[in-house]
Amino acid sequence: MENCIFCKIVAGEIPCYKIFENEKILAFLDINPAVPGHVLVIPKKHFTDIFEIDDQYLQELIVVAKRIAEKMKTNFDAGGVNLFQSNGENAEQTVFHFHLHLLPRKGNDRINFSELLVNAEKIDNMKLEEIKKILGE
Ligand SMILES: [Zn+2]
């Protein structure tokens with residue numbers, strides 16, 4: 001897609017620090033990393049977000065992410081790895097080409113995902129039941 005920075009990386013118009021590539025998937029280092037070793041895994045085909053991505057691509061992509069996470073753990077001394085992914089402006093997506101973030105965590109970094117949960121709001125059982133009906137099968 002025109003003017004998509006990730007499509008330009010796929011096309012080789014913008015260089016990247018490539019970690020993995022096959023026919024469908026590309027993984028590369030984020031040049032503005034949250035932590036050293038921050039990797040982005042993307043489908044080579046342009047899909048905006050989780051709502052658009054083809055199931056087959058998503059399945060292949062998550063397996064590639066798993067392999068990279070394993071390498072982060074065994075070869076990069078990461079005690080843990082976070083995977084996260086944003087969809088839509090309200091979710092703070094900034095590049096509108098599906099991408100999955102992998103963050104190798106070594107402790108003592110400045111990331112604090114647990115803050116999300118510490119600041120979680122209490123919700124009553126009726127509301128939980130209502131949401132379950134909407135989101136459940
Ligand atoms: Zn794109």
# chains A, B, ... in the order shown; residues from 1 in each chain; ligands from 1
call {"tool": "residues_near_ligand", "arguments": {"ligand": "ligand 1", "cutoff": "10 Å", "atoms": "only C-alpha atoms and all ligand atoms", "output": "PyMOL selection string"}}
result
chain A and resi 1-11+42-48+95-99
call {"tool": "select_by_dssp", "arguments": {"residues": "region 7-136 of chain A", "states": "strand (DSSP E)", "output": "VMD selection string"}}
result
chain A and resid 18 to 21 25 to 29 39 to 43 80 to 84 100 to 105
call {"tool": "write_last_selection", "arguments": {"atoms": "N, CA and C atoms", "output": "PDB file, in the first residue's frame"}}
result
ATOM      1  N   LYS A  18      16.899  -6.922   9.505  1.00  0.00           N
ATOM      2  CA  LYS A  18      16.058  -8.090   9.333  1.00  0.00           C
ATOM      3  C   LYS A  18      16.438  -9.211  10.304  1.00  0.00           C
ATOM      4  N   ILE A  19      15.428  -9.762  10.949  1.00  0.00           N
ATOM      5  CA  ILE A  19      15.612 -10.885  11.874  1.00  0.00           C
ATOM      6  C   ILE A  19      15.176 -12.184  11.212  1.00  0.00           C
ATOM      7  N   PHE A  20      14.100 -12.104  10.440  1.00  0.00           N
ATOM      8  CA  PHE A  20      13.536 -13.299   9.800  1.00  0.00           C
ATOM      9  C   PHE A  20      12.748 -12.876   8.576  1.00  0.00           C
ATOM     10  N   GLU A  21      12.786 -13.738   7.553  1.00  0.00           N
ATOM     11  CA  GLU A  21      11.950 -13.477   6.381  1.00  0.00           C
ATOM     12  C   GLU A  21      11.593 -14.797   5.718  1.00  0.00           C
ATOM     13  N   ILE A  25       6.062 -13.612   5.751  1.00  0.00           N
ATOM     14  CA  ILE A  25       6.305 -12.912   7.016  1.00  0.00           C
ATOM     15  C   ILE A  25       7.682 -12.249   7.019  1.00  0.00           C
ATOM     16  N   LEU A  26       7.749 -11.085   7.650  1.00  0.00           N
ATOM     17  CA  LEU A  26       9.023 -10.390   7.843  1.00  0.00           C
ATOM     18  C   LEU A  26       9.112  -9.953   9.309  1.00  0.00           C
ATOM     19  N   ALA A  27      10.288 -10.118   9.887  1.00  0.00           N
ATOM     20  CA  ALA A  27      10.514  -9.642  11.258  1.00  0.00           C
ATOM     21  C   ALA A  27      11.783  -8.810  11.257  1.00  0.00           C
ATOM     22  N   PHE A  28      11.745  -7.689  11.947  1.00  0.00           N
ATOM     23  CA  PHE A  28      12.896  -6.786  11.963  1.00  0.00           C
ATOM     24  C   PHE A  28      12.942  -6.022  13.282  1.00  0.00           C
ATOM     25  N   LEU A  29      14.121  -5.455  13.558  1.00  0.00           N
ATOM     26  CA  LEU A  29      14.282  -4.691  14.791  1.00  0.00           C
ATOM     27  C   LEU A  29      13.568  -3.353  14.675  1.00  0.00           C
ATOM     28  N   VAL A  39      11.464  -6.359  18.634  1.00  0.00           N
ATOM     29  CA  VAL A  39      11.246  -6.863  17.271  1.00  0.00           C
ATOM     30  C   VAL A  39       9.797  -6.637  16.849  1.00  0.00           C
ATOM     31  N   LEU A  40       9.613  -6.324  15.578  1.00  0.00           N
ATOM     32  CA  LEU A  40       8.276  -6.241  14.988  1.00  0.00           C
ATOM     33  C   LEU A  40       8.128  -7.389  13.989  1.00  0.00           C
ATOM     34  N   VAL A  41       7.026  -8.104  14.079  1.00  0.00           N
ATOM     35  CA  VAL A  41       6.736  -9.181  13.134  1.00  0.00           C
ATOM     36  C   VAL A  41       5.519  -8.750  12.325  1.00  0.00           C
ATOM     37  N   ILE A  42       5.669  -8.750  11.010  1.00  0.00           N
ATOM     38  CA  ILE A  42       4.583  -8.257  10.151  1.00  0.00           C
ATOM     39  C   ILE A  42       4.298  -9.243   9.005  1.00  0.00           C
ATOM     40  N   PRO A  43       3.042  -9.218   8.522  1.00  0.00           N
ATOM     41  CA  PRO A  43       2.766  -9.924   7.273  1.00  0.00           C
ATOM     42  C   PRO A  43       3.329  -9.082   6.133  1.00  0.00           C
ATOM     43  N   GLY A  80      12.261 -13.021  30.176  1.00  0.00           N
ATOM     44  CA  GLY A  80      10.860 -13.059  29.768  1.00  0.00           C
ATOM     45  C   GLY A  80      10.683 -12.325  28.453  1.00  0.00           C
ATOM     46  N   VAL A  81       9.541 -12.539  27.835  1.00  0.00           N
ATOM     47  CA  VAL A  81       9.230 -11.869  26.565  1.00  0.00           C
ATOM     48  C   VAL A  81       7.771 -11.423  26.604  1.00  0.00           C
ATOM     49  N   ASN A  82       7.510 -10.185  26.229  1.00  0.00           N
ATOM     50  CA  ASN A  82       6.131  -9.709  26.057  1.00  0.00           C
ATOM     51  C   ASN A  82       5.798  -9.665  24.572  1.00  0.00           C
ATOM     52  N   LEU A  83       4.571 -10.084  24.256  1.00  0.00           N
ATOM     53  CA  LEU A  83       4.026  -9.887  22.912  1.00  0.00           C
ATOM     54  C   LEU A  83       2.858  -8.924  23.057  1.00  0.00           C
ATOM     55  N   PHE A  84       2.818  -7.902  22.230  1.00  0.00           N
ATOM     56  CA  PHE A  84       1.620  -7.075  22.209  1.00  0.00           C
ATOM     57  C   PHE A  84       1.380  -6.509  20.825  1.00  0.00           C
ATOM     58  N   LEU A 100       3.106  -7.142  15.176  1.00  0.00           N
ATOM     59  CA  LEU A 100       3.162  -7.720  16.518  1.00  0.00           C
ATOM     60  C   LEU A 100       4.507  -7.344  17.132  1.00  0.00           C
ATOM     61  N   HIS A 101       4.452  -6.758  18.314  1.00  0.00           N
ATOM     62  CA  HIS A 101       5.681  -6.379  19.023  1.00  0.00           C
ATOM     63  C   HIS A 101       6.161  -7.540  19.878  1.00  0.00           C
ATOM     64  N   LEU A 102       7.469  -7.766  19.882  1.00  0.00           N
ATOM     65  CA  LEU A 102       8.090  -8.707  20.810  1.00  0.00           C
ATOM     66  C   LEU A 102       9.114  -7.939  21.626  1.00  0.00           C
ATOM     67  N   LEU A 103       8.952  -7.986  22.913  1.00  0.00           N
ATOM     68  CA  LEU A 103       9.863  -7.275  23.792  1.00  0.00           C
ATOM     69  C   LEU A 103      10.621  -8.264  24.676  1.00  0.00           C
ATOM     70  N   PRO A 104      11.924  -8.412  24.434  1.00  0.00           N
ATOM     71  CA  PRO A 104      12.710  -9.251  25.347  1.00  0.00           C
ATOM     72  C   PRO A 104      12.906  -8.511  26.665  1.00  0.00           C
ATOM     73  N   ARG A 105      12.593  -9.166  27.778  1.00  0.00           N
ATOM     74  CA  ARG A 105      12.641  -8.507  29.080  1.00  0.00           C
ATOM     75  C   ARG A 105      13.744  -9.117  29.935  1.00  0.00           C
TER      76      ARG A 105
END
call {"tool": "atom_distance", "arguments": {"atom1": "CA of Thr74 (chain A)", "atom2": "CA of Ile31 (chain A)"}}
result
22.5 Å
call {"tool": "closest_residue", "arguments": {"among": "A:Glu129, A:Asp49, A:Asp54, A:Glu60", "to": "Ala91 (chain A)", "atoms": "only C-alpha atoms"}}
result
A:Asp49
call {"tool": "residues_around", "arguments": {"residues": "Ala78 (chain A)", "least_positions_apart": "6", "cutoff": "12 Å", "atoms": "only C-alpha atoms", "output": "ChimeraX atom specification"}}
result
/A:35-38,68-72,102-109
call {"tool": "write_last_selection", "arguments": {"atoms": "C-alpha atoms", "output": "PDB file, in the first residue's frame"}}
result
ATOM      1  CA  VAL A  35      14.026  -2.115  24.978  1.00  0.00           C
ATOM      2  CA  PRO A  36      17.096  -3.369  23.079  1.00  0.00           C
ATOM      3  CA  GLY A  37      16.019  -6.304  20.907  1.00  0.00           C
ATOM      4  CA  HIS A  38      12.469  -4.990  20.368  1.00  0.00           C
ATOM      5  CA  ILE A  68      11.949 -15.383  17.807  1.00  0.00           C
ATOM      6  CA  ALA A  69      10.740 -15.344  21.424  1.00  0.00           C
ATOM      7  CA  GLU A  70      12.586 -18.644  21.963  1.00  0.00           C
ATOM      8  CA  LYS A  71      15.760 -17.088  20.554  1.00  0.00           C
ATOM      9  CA  MET A  72      15.316 -14.063  22.798  1.00  0.00           C
ATOM     10  CA  LEU A 102       8.090  -8.707  20.810  1.00  0.00           C
ATOM     11  CA  LEU A 103       9.863  -7.275  23.792  1.00  0.00           C
ATOM     12  CA  PRO A 104      12.710  -9.251  25.347  1.00  0.00           C
ATOM     13  CA  ARG A 105      12.641  -8.507  29.080  1.00  0.00           C
ATOM     14  CA  LYS A 106      15.740  -8.709  31.207  1.00  0.00           C
ATOM     15  CA  GLY A 107      14.445  -7.101  34.367  1.00  0.00           C
ATOM     16  CA  ASN A 108      15.423  -3.611  35.459  1.00  0.00           C
ATOM     17  CA  ASP A 109      13.987  -2.091  32.269  1.00  0.00           C
TER      18      ASP A 109
END
call {"tool": "select_by_dssp", "arguments": {"residues": "region 23-83 of chain A", "states": "helix (DSSP H, G or I)", "output": "ChimeraX atom specification"}}
result
/A:55-75
call {"tool": "atom_distance", "arguments": {"atom1": "CA of Lys132 (chain A)", "atom2": "CA of Phe113 (chain A)"}}
result
24.2 Å
call {"tool": "atom_distance", "arguments": {"atom1": "CA of Ile111 (chain A)", "atom2": "CA of Ala34 (chain A)"}}
result
7.7 Å
call {"tool": "decode", "arguments": {"residues": "region 88-101 of chain A", "atoms": "N, CA and C atoms", "output": "PDB file, in the first residue's frame"}}
result
ATOM      1  N   GLY A  88      -6.312  -0.061  15.880  1.00  0.00           N
ATOM      2  CA  GLY A  88      -7.156   1.133  15.888  1.00  0.00           C
ATOM      3  C   GLY A  88      -6.572   2.256  16.719  1.00  0.00           C
ATOM      4  N   GLU A  89      -7.003   3.449  16.404  1.00  0.00           N
ATOM      5  CA  GLU A  89      -6.482   4.639  17.086  1.00  0.00           C
ATOM      6  C   GLU A  89      -6.752   4.608  18.589  1.00  0.00           C
ATOM      7  N   ASN A  90      -7.915   4.105  18.991  1.00  0.00           N
ATOM      8  CA  ASN A  90      -8.214   4.056  20.426  1.00  0.00           C
ATOM      9  C   ASN A  90      -7.279   3.108  21.173  1.00  0.00           C
ATOM     10  N   ALA A  91      -6.709   2.162  20.440  1.00  0.00           N
ATOM     11  CA  ALA A  91      -5.743   1.234  21.037  1.00  0.00           C
ATOM     12  C   ALA A  91      -4.311   1.722  20.825  1.00  0.00           C
ATOM     13  N   GLU A  92      -4.184   2.968  20.357  1.00  0.00           N
ATOM     14  CA  GLU A  92      -2.881   3.608  20.157  1.00  0.00           C
ATOM     15  C   GLU A  92      -2.062   2.972  19.044  1.00  0.00           C
ATOM     16  N   GLN A  93      -2.744   2.400  18.049  1.00  0.00           N
ATOM     17  CA  GLN A  93      -2.024   1.939  16.855  1.00  0.00           C
ATOM     18  C   GLN A  93      -1.532   3.178  16.106  1.00  0.00           C
ATOM     19  N   THR A  94      -0.274   3.172  15.707  1.00  0.00           N
ATOM     20  CA  THR A  94       0.274   4.339  15.004  1.00  0.00           C
ATOM     21  C   THR A  94       0.671   4.021  13.566  1.00  0.00           C
ATOM     22  N   VAL A  95       1.098   2.779  13.299  1.00  0.00           N
ATOM     23  CA  VAL A  95       1.372   2.370  11.926  1.00  0.00           C
ATOM     24  C   VAL A  95       0.261   1.400  11.541  1.00  0.00           C
ATOM     25  N   PHE A  96      -0.470   1.769  10.494  1.00  0.00           N
ATOM     26  CA  PHE A  96      -1.673   1.009  10.170  1.00  0.00           C
ATOM     27  C   PHE A  96      -1.400  -0.108   9.164  1.00  0.00           C
ATOM     28  N   HIS A  97      -0.410  -0.911   9.524  1.00  0.00           N
ATOM     29  CA  HIS A  97      -0.077  -2.181   8.868  1.00  0.00           C
ATOM     30  C   HIS A  97       0.128  -3.132  10.045  1.00  0.00           C
ATOM     31  N   PHE A  98      -0.655  -4.206  10.092  1.00  0.00           N
ATOM     32  CA  PHE A  98      -0.604  -5.117  11.231  1.00  0.00           C
ATOM     33  C   PHE A  98       0.832  -5.398  11.657  1.00  0.00           C
ATOM     34  N   HIS A  99       1.098  -5.290  12.946  1.00  0.00           N
ATOM     35  CA  HIS A  99       2.417  -5.662  13.456  1.00  0.00           C
ATOM     36  C   HIS A  99       2.307  -6.141  14.895  1.00  0.00           C
ATOM     37  N   LEU A 100       3.106  -7.142  15.176  1.00  0.00           N
ATOM     38  CA  LEU A 100       3.162  -7.720  16.518  1.00  0.00           C
ATOM     39  C   LEU A 100       4.507  -7.344  17.132  1.00  0.00           C
ATOM     40  N   HIS A 101       4.452  -6.758  18.314  1.00  0.00           N
ATOM     41  CA  HIS A 101       5.681  -6.379  19.023  1.00  0.00           C
ATOM     42  C   HIS A 101       6.161  -7.540  19.878  1.00  0.00           C
TER      43      HIS A 101
END
